[in-house]
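First comes the structure, then the notes that go with it.
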Amino acid sequence: MARVYVGLGSNLGRRAEAIREASDRMEDAGAMLVALSPLYETEPWGLVEQPRFINAACALDVPWPPLMTLTILKGIERAMGRVSGARYGPRIIDLDILLFDRVHLVTDRLTIPHPGMLDRATVLVPLADIAADVVHPMTGRTIGDHLGDLGEISGVAPYPPGCRPCAS
């Protein structure tokens, strides 16, 4: 089994329910859900003129190699109604492999660790809730350290509003 960290996001429809449904579908596909972060409502990244996102991160133990894991996650996205659209545009569900054990992989279909993850509070805040001590395989530093590098965080709030995050 490999330990995989997946970023989950949704900004269309019933956003929080989409996150929960995606995590259930990952388990139905044969992954073991080890942890699911609290939910966060976040400002859109990339294409900013769109609805706010709900974001989370999960840790999974999977029996598949990276590219098979990607194929399974993309199948879940399609089964949940995701359609192709503008890059960084609105979507009912988005599932991104952030880390896969200590693998470094670059192909035309998949890059691990996820490129850009270290610059995005929308990724690092929920990931740090479940993996603050996990070491990024390319930098040798922890996810918590990288989150600290971002400084003051804005545009990321516990969801539902008023909910207290699990970790601080």
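Residue numbers start at 1 in each chain; chains themselves are named A, B, ... in the order of the structure tokens; ligands are numbered from 1 in the order shown.
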Identify, with DSSP run on backbone atoms, the residues in chain A assigned to strand (DSSP E or B), and express the list as number ranges by chain. A: 2-10, 32-36, 39-42, 53-62, 94-100, 105-106, 111-112, 135, 142, 156-159
Contacts of Leu67 in chain A at 10 Å or less, counting only C-alpha atoms, minus same-chain residues fewer than 4 places along, as a compact mmCIF listing (two decimals) with N, CA and C atoms, in the first residue's frame?
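Saved as out.txt:
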# COMPACT_ATOMS: atom_id res chain seq x y z
N THR A 71 -5.92 7.65 -12.78
CA THR A 71 -7.02 7.16 -13.62
C THR A 71 -8.28 6.95 -12.78
N ILE A 72 -8.12 6.38 -11.60
CA ILE A 72 -9.27 6.13 -10.72
C ILE A 72 -9.87 7.46 -10.25
N LEU A 73 -9.04 8.42 -9.85
CA LEU A 73 -9.55 9.72 -9.41
C LEU A 73 -10.26 10.45 -10.54
N LEU A 105 7.69 12.22 -9.62
CA LEU A 105 7.30 11.71 -10.93
C LEU A 105 6.91 12.87 -11.82
N THR A 107 5.43 13.14 -15.72
CA THR A 107 5.00 12.58 -17.00
C THR A 107 4.11 13.63 -17.67
N ARG A 109 1.04 13.23 -18.11
CA ARG A 109 -0.27 13.14 -17.45
C ARG A 109 -0.25 13.54 -15.98
N LEU A 110 0.91 13.43 -15.34
CA LEU A 110 0.94 13.58 -13.89
C LEU A 110 2.31 14.05 -13.41
N THR A 111 2.29 15.02 -12.51
CA THR A 111 3.50 15.46 -11.83
C THR A 111 3.27 15.31 -10.33
**Prompt:** range 38-55 of chain A: which residues within 6 Å, counting only C-alpha atoms, same-chain residues fewer than 3 positions away excluded, as a ChimeraX atom specification?
**Reply:** /A:8-11,15,88-89,155-159
Students should find that CA of Val34 in chain A and CA of Gly148 in chain A are spaced 24.3 Å
Worksheet item: Excluding same-chain residues fewer than 6 positions from range 125-131 of chain A, what lies within 6 Å of it counting only C-alpha atoms, as a ChimeraX atom specification?
Response: /A:37,56-57,143-144,167
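The space between CA of Ala22 in chain A and CA of Ala132 in chain A spans 22.7 Å.
The coordinates place CA of Gly75 in chain A at 19.0 Å from CA of Gly13 in chain A.
Closest approach to Met26 in chain A among A:Pro90, A:Gly85, A:Pro115, A:Pro63: A:Pro63, based on only C-alpha atoms.
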Quick one: residues within 8 Å of Leu60 in chain A, only C-alpha atoms, excluding same-chain residues fewer than 5 positions away - as a PyMOL selection string? chain A and resi 2-6+31-35
Now that the selection is made, can you save its residues with N, CA and C atoms as a short mmCIF file (atom, residue, chain, number, x, y, z; two decimals), in the first residue's frame?
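Result went into selection_15.cif, see below:
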data_model
loop_
_atom_site.label_atom_id
_atom_site.label_comp_id
_atom_site.auth_asym_id
_atom_site.auth_seq_id
_atom_site.Cartn_x
_atom_site.Cartn_y
_atom_site.Cartn_z
N ALA A 2 0.42 2.25 -0.70
CA ALA A 2 1.11 3.54 -0.76
C ALA A 2 0.26 4.58 -0.06
N ARG A 3 0.89 5.52 0.62
CA ARG A 3 0.18 6.64 1.24
C ARG A 3 0.11 7.78 0.24
N VAL A 4 -1.10 8.20 -0.03
CA VAL A 4 -1.35 9.26 -1.00
C VAL A 4 -2.12 10.38 -0.31
N TYR A 5 -1.75 11.61 -0.59
CA TYR A 5 -2.48 12.77 -0.10
C TYR A 5 -3.16 13.41 -1.30
N VAL A 6 -4.47 13.59 -1.18
CA VAL A 6 -5.28 14.11 -2.28
C VAL A 6 -5.93 15.41 -1.84
N ALA A 31 -9.57 2.27 -2.06
CA ALA A 31 -8.63 3.01 -1.22
C ALA A 31 -9.09 2.93 0.23
N MET A 32 -8.16 3.03 1.16
CA MET A 32 -8.51 3.11 2.58
C MET A 32 -8.33 4.56 3.02
N LEU A 33 -9.44 5.19 3.43
CA LEU A 33 -9.39 6.57 3.90
C LEU A 33 -8.78 6.59 5.29
N VAL A 34 -7.62 7.23 5.41
CA VAL A 34 -6.89 7.30 6.67
C VAL A 34 -7.27 8.56 7.44
N ALA A 35 -7.45 9.67 6.71
CA ALA A 35 -7.80 10.94 7.35
C ALA A 35 -8.46 11.85 6.32
#
Counting only C-alpha atoms, closest pick from A:Val106, A:Ile19, A:Asp24, A:Glu152 relative to Arg91 in chain A is A:Ile19
| task | Within range 33-97 of chain A, find each residue whose DSSP state, derived from the backbone, is helix (DSSP H, G or I), and express the selection as JSON, numbers by chain. | result | {"A": [66, 67, 68, 69, 70, 71, 72, 73, 74, 75, 76, 77, 78, 79]}
Compile the contact shell of Ile76 in chain A as a PDB file with C-alpha atoms, in the first residue's frame: residues with an atom at most 12 Å away, counting only C-alpha atoms, same-chain residues fewer than 2 positions apart removed.
ATOM      1  CA  LEU A   8     -10.389  17.913  -2.920  1.00  0.00           C
ATOM      2  CA  ALA A  18     -19.421  16.687  -3.181  1.00  0.00           C
ATOM      3  CA  ILE A  19     -16.291  16.501  -1.013  1.00  0.00           C
ATOM      4  CA  GLU A  21     -19.182  11.890  -1.808  1.00  0.00           C
ATOM      5  CA  ALA A  22     -15.757  11.920  -3.477  1.00  0.00           C
ATOM      6  CA  SER A  23     -14.093  10.560  -0.325  1.00  0.00           C
ATOM      7  CA  ASP A  24     -16.746   7.812  -0.142  1.00  0.00           C
ATOM      8  CA  ARG A  25     -16.176   6.953  -3.807  1.00  0.00           C
ATOM      9  CA  MET A  26     -12.419   6.697  -3.259  1.00  0.00           C
ATOM     10  CA  GLU A  27     -13.085   4.116  -0.553  1.00  0.00           C
ATOM     11  CA  ASP A  28     -15.587   2.301  -2.784  1.00  0.00           C
ATOM     12  CA  ALA A  29     -12.852   2.084  -5.439  1.00  0.00           C
ATOM     13  CA  THR A  69      -4.449   6.173  -8.943  1.00  0.00           C
ATOM     14  CA  LEU A  70      -4.806   9.184 -11.253  1.00  0.00           C
ATOM     15  CA  THR A  71      -7.024   7.161 -13.617  1.00  0.00           C
ATOM     16  CA  ILE A  72      -9.271   6.132 -10.715  1.00  0.00           C
ATOM     17  CA  LEU A  73      -9.546   9.718  -9.406  1.00  0.00           C
ATOM     18  CA  LYS A  74     -10.369  11.070 -12.875  1.00  0.00           C
ATOM     19  CA  ARG A  78     -16.395  12.046 -14.379  1.00  0.00           C
ATOM     20  CA  ALA A  79     -18.878   9.848 -12.498  1.00  0.00           C
ATOM     21  CA  MET A  80     -19.739  12.824 -10.283  1.00  0.00           C
ATOM     22  CA  GLY A  81     -20.456  15.004 -13.305  1.00  0.00           C
ATOM     23  CA  ARG A  82     -17.235  16.905 -13.887  1.00  0.00           C
ATOM     24  CA  VAL A  83     -16.919  18.168 -17.437  1.00  0.00           C
ATOM     25  CA  ILE A  92     -18.375  20.121  -9.279  1.00  0.00           C
ATOM     26  CA  ILE A  93     -15.348  18.183  -8.004  1.00  0.00           C
ATOM     27  CA  ASP A  94     -11.595  18.389  -8.379  1.00  0.00           C
ATOM     28  CA  LEU A  95      -9.304  15.643  -7.087  1.00  0.00           C
ATOM     29  CA  ASP A  96      -5.557  16.283  -7.209  1.00  0.00           C
TER      30      ASP A  96
END
Of A:Leu99, A:Leu150, A:Leu36, A:Ala86, the one sitting nearest Arg120 in chain A when using only C-alpha atoms is A:Leu150
Among A:Met1, A:Leu124, A:Ala59, A:Met117, Ile153 in chain A is approached most closely, using only C-alpha atoms, by A:Leu124
